[in-house]
$ cat coords08.cif   # mmCIF, C-alpha atoms
data_coords
loop_
_atom_site.label_atom_id
_atom_site.label_comp_id
_atom_site.auth_asym_id
_atom_site.auth_seq_id
_atom_site.Cartn_x
_atom_site.Cartn_y
_atom_site.Cartn_z
CA MET A 1 26.93 9.06 49.32
CA GLU A 2 23.99 9.74 51.51
CA ASN A 3 23.92 13.29 50.25
CA PHE A 4 23.96 11.95 46.71
CA GLN A 5 21.03 9.60 47.47
CA THR A 6 19.03 12.44 49.04
CA THR A 7 19.67 14.71 46.09
CA PHE A 8 18.76 11.88 43.69
CA ASN A 9 15.49 11.18 45.52
CA SER A 10 14.70 14.88 45.64
CA ASN A 11 15.39 15.28 41.94
CA THR A 12 13.32 12.17 41.12
CA THR A 13 10.43 13.48 43.18
CA SER A 14 10.69 16.89 41.49
CA ALA A 15 10.82 15.25 38.05
CA ASN A 16 7.79 13.05 38.84
CA GLU A 17 5.85 16.06 40.10
CA ALA A 18 6.82 18.01 36.98
CA LEU A 19 5.67 15.07 34.79
CA LYS A 20 2.37 14.89 36.68
CA SER A 21 1.95 18.64 36.31
CA LEU A 22 2.76 18.47 32.59
CA GLY A 23 0.36 15.51 32.19
CA SER A 24 -2.39 17.44 33.95
CA LEU A 25 -1.65 20.54 31.84
CA PHE A 26 -1.65 18.37 28.68
CA LYS A 27 -5.04 16.87 29.58
CA THR A 28 -6.47 20.36 30.29
CA GLU A 29 -5.15 21.71 26.97
CA LYS A 30 -6.41 18.62 25.13
CA THR A 31 -9.88 19.12 26.66
CA LYS A 32 -9.87 22.81 25.66
CA LEU A 33 -8.76 21.88 22.14
CA GLU A 34 -11.56 19.30 21.85
CA GLU A 35 -14.11 21.87 23.02
CA ILE A 36 -12.85 24.37 20.44
CA ARG A 37 -12.90 21.68 17.75
CA THR A 38 -16.47 20.70 18.71
CA ASP A 39 -17.56 24.35 18.63
CA GLU A 40 -15.97 24.78 15.19
CA LEU A 41 -17.69 21.64 13.90
CA VAL A 42 -21.05 22.92 15.18
CA LYS A 43 -20.44 26.29 13.51
CA GLU A 44 -19.43 24.57 10.28
CA SER A 45 -22.53 22.37 10.38
CA ASN A 46 -24.76 25.40 11.00
CA LEU A 47 -23.07 27.26 8.16
CA LYS A 48 -23.58 24.29 5.79
CA ASP A 49 -27.25 24.08 6.78
CA SER A 50 -27.69 27.80 6.23
CA LEU A 51 -25.93 27.56 2.87
CA ALA A 52 -28.13 24.62 1.83
CA LEU A 53 -31.24 26.59 2.78
CA LYS A 54 -30.04 29.64 0.82
CA SER A 55 -29.25 27.39 -2.14
CA GLU A 56 -32.76 25.91 -2.05
CA GLU A 57 -34.25 29.41 -1.88
CA ALA A 58 -32.11 30.51 -4.81
CA THR A 59 -33.21 27.48 -6.83
CA MET A 60 -36.85 28.16 -6.00
CA LEU A 61 -36.52 31.84 -6.95
CA SER A 62 -34.75 30.87 -10.16
CA THR A 63 -37.60 28.51 -11.04
CA LYS A 64 -40.15 31.25 -10.28
CA LEU A 65 -38.17 33.68 -12.42
CA GLU A 66 -38.09 31.24 -15.33
CA ALA A 67 -41.85 30.71 -15.03
CA SER A 68 -42.44 34.47 -14.90
CA GLU A 69 -40.20 35.04 -17.91
CA LYS A 70 -42.11 32.37 -19.83
CA GLN A 71 -45.40 33.97 -18.85
CA VAL A 72 -44.15 37.39 -20.01
CA HIS A 73 -42.98 35.84 -23.28
CA ASP A 74 -46.40 34.19 -23.76
CA LEU A 75 -48.16 37.49 -23.03
CA LEU A 76 -45.95 39.31 -25.50
CA SER A 77 -46.71 36.66 -28.11
CA ASP A 78 -50.44 36.98 -27.41
CA ARG A 79 -50.11 40.75 -27.69
CA ALA A 80 -48.41 40.45 -31.09
CA VAL A 81 -51.16 38.11 -32.33
CA MET A 82 -53.83 40.47 -31.02
CA ARG A 83 -52.21 43.48 -32.70
CA SER A 84 -52.01 41.61 -35.97
CA CYS A 85 -55.65 40.54 -35.73
CA ILE A 86 -56.76 44.06 -34.77
CA THR A 87 -54.91 45.50 -37.76
CA ASP A 88 -56.60 42.98 -40.05
CA VAL A 89 -60.01 43.65 -38.49
CA THR A 90 -59.55 47.40 -38.86
CA GLY A 91 -58.77 46.95 -42.54
CA MET A 92 -61.78 44.71 -43.02
CA LEU A 93 -64.07 47.14 -41.24
CA SER A 94 -62.82 49.91 -43.50
CA ASP A 95 -63.53 47.74 -46.52
CA ILE A 96 -67.08 47.00 -45.28
CA ILE A 97 -67.74 50.68 -44.68
CA GLU A 98 -66.50 51.64 -48.13
CA THR A 99 -68.39 48.98 -50.09
CA ARG A 100 -72.09 48.56 -50.72
CA ASP A 101 -71.84 45.15 -52.42
CA SER A 102 -73.69 42.57 -50.28
CA MET A 103 -71.53 39.61 -51.45
CA ILE A 104 -68.33 41.39 -50.45
CA THR A 105 -69.94 42.46 -47.16
CA ILE A 106 -70.92 38.84 -46.34
CA THR A 107 -67.43 37.60 -47.24
CA MET A 108 -65.86 40.35 -45.12
CA ARG A 109 -68.11 39.47 -42.18
CA LYS A 110 -66.93 35.86 -42.35
CA HIS A 111 -63.29 36.92 -42.48
CA LEU A 112 -63.94 39.37 -39.68
CA ALA A 113 -65.46 36.63 -37.53
CA GLU A 114 -62.44 34.38 -38.21
CA LYS A 115 -60.03 37.15 -37.24
CA LEU A 116 -61.89 38.04 -34.06
CA ARG A 117 -62.23 34.45 -32.84
CA PRO A 118 -58.58 34.15 -31.63
CA ILE A 119 -58.76 37.59 -30.01
CA PHE A 120 -61.82 36.65 -27.97
CA ALA A 121 -60.23 33.31 -27.05
CA MET A 122 -57.11 35.11 -25.76
CA LEU A 123 -59.17 37.71 -23.91
CA HIS A 124 -61.24 34.96 -22.34
CA ARG A 125 -58.07 33.23 -21.15
CA LEU A 126 -56.43 36.47 -19.96
CA GLU A 127 -59.29 38.48 -18.53
CA GLY A 128 -62.39 36.29 -18.34
CA VAL A 129 -64.11 37.83 -21.37
CA SER A 130 -66.79 35.60 -22.85
CA ASP A 131 -65.41 33.22 -25.49
CA GLN A 132 -68.44 33.45 -27.76
CA THR A 133 -68.20 33.46 -31.51
CA PHE A 134 -68.32 36.94 -32.95
CA ASN A 135 -71.31 37.47 -35.21
CA PRO A 136 -71.54 40.97 -36.63
CA LYS A 137 -75.06 42.35 -36.94
CA ARG A 138 -76.58 42.23 -40.41
CA GLU A 139 -78.22 45.29 -41.89
#

$ encode --input "coords08.cif" --output "structure tokens"
Amino acid sequence: MENFQTTFNSNTTSANEALKSLGSLFKTEKTKLEEIRTDELVKESNLKDSLALKSEEATMLSTKLEASEKQVHDLLSDRAVMRSCITDVTGMLSDIIETRDSMITITMRKHLAEKLRPIFAMLHRLEGVSDQTFNPKRE
């Protein structure tokens, strides 16, 4: 019986020590797991911040691109208007050169001034050219 009691006490002591060792090991592993989890959360937060920054940059670049595309469209429209006006002016100048009638010449000068006005306004806006009314010289 005494042998049984000694074996029982020895086994109980061994079991308690094993439980303490397992408890200590569990706490160590739990601490390591929490550290890993914290590191992963920090990495995730940094990644989200980086992604938000990239998203803001992409939005800003998209807005700049839209503005640039609008500006190009406006310039192309201005170019089309200028070409049309230049074609009209060229025709009017040819008509003035070919005619010697003073009434037609005066009328052509007025039309010419009207056609050149938008061209000078666009040039003034685009390149700083003076926005003065065009008055052709009279002979």

$ atom_distance --input "coords08.cif" --atom1 "atom CA of Asp101 of chain A" --atom2 "atom CA of Ile86 of chain A"
23.2 Å

$ atom_distance --input "coords08.cif" --atom1 "atom CA of Leu123 of chain A" --atom2 "atom CA of Arg79 of chain A"
10.3 Å

$ atom_distance --input "coords08.cif" --atom1 "atom CA of Ala52 of chain A" --atom2 "atom CA of Ser68 of chain A"
24.1 Å

$ closest_residue --input "coords08.cif" --among "A:Lys43, A:Arg83, A:Arg100, A:His73" --to "Leu116 of chain A" --atoms "only C-alpha atoms"
A:Arg83

$ residues_around --input "coords08.cif" --residues "Cys85 of chain A" --least-positions-apart "2" --cutoff "8 Å" --atoms "only C-alpha atoms" --output "VMD selection string"
chain A and resid 81 to 83 87 to 89 115 to 116 119
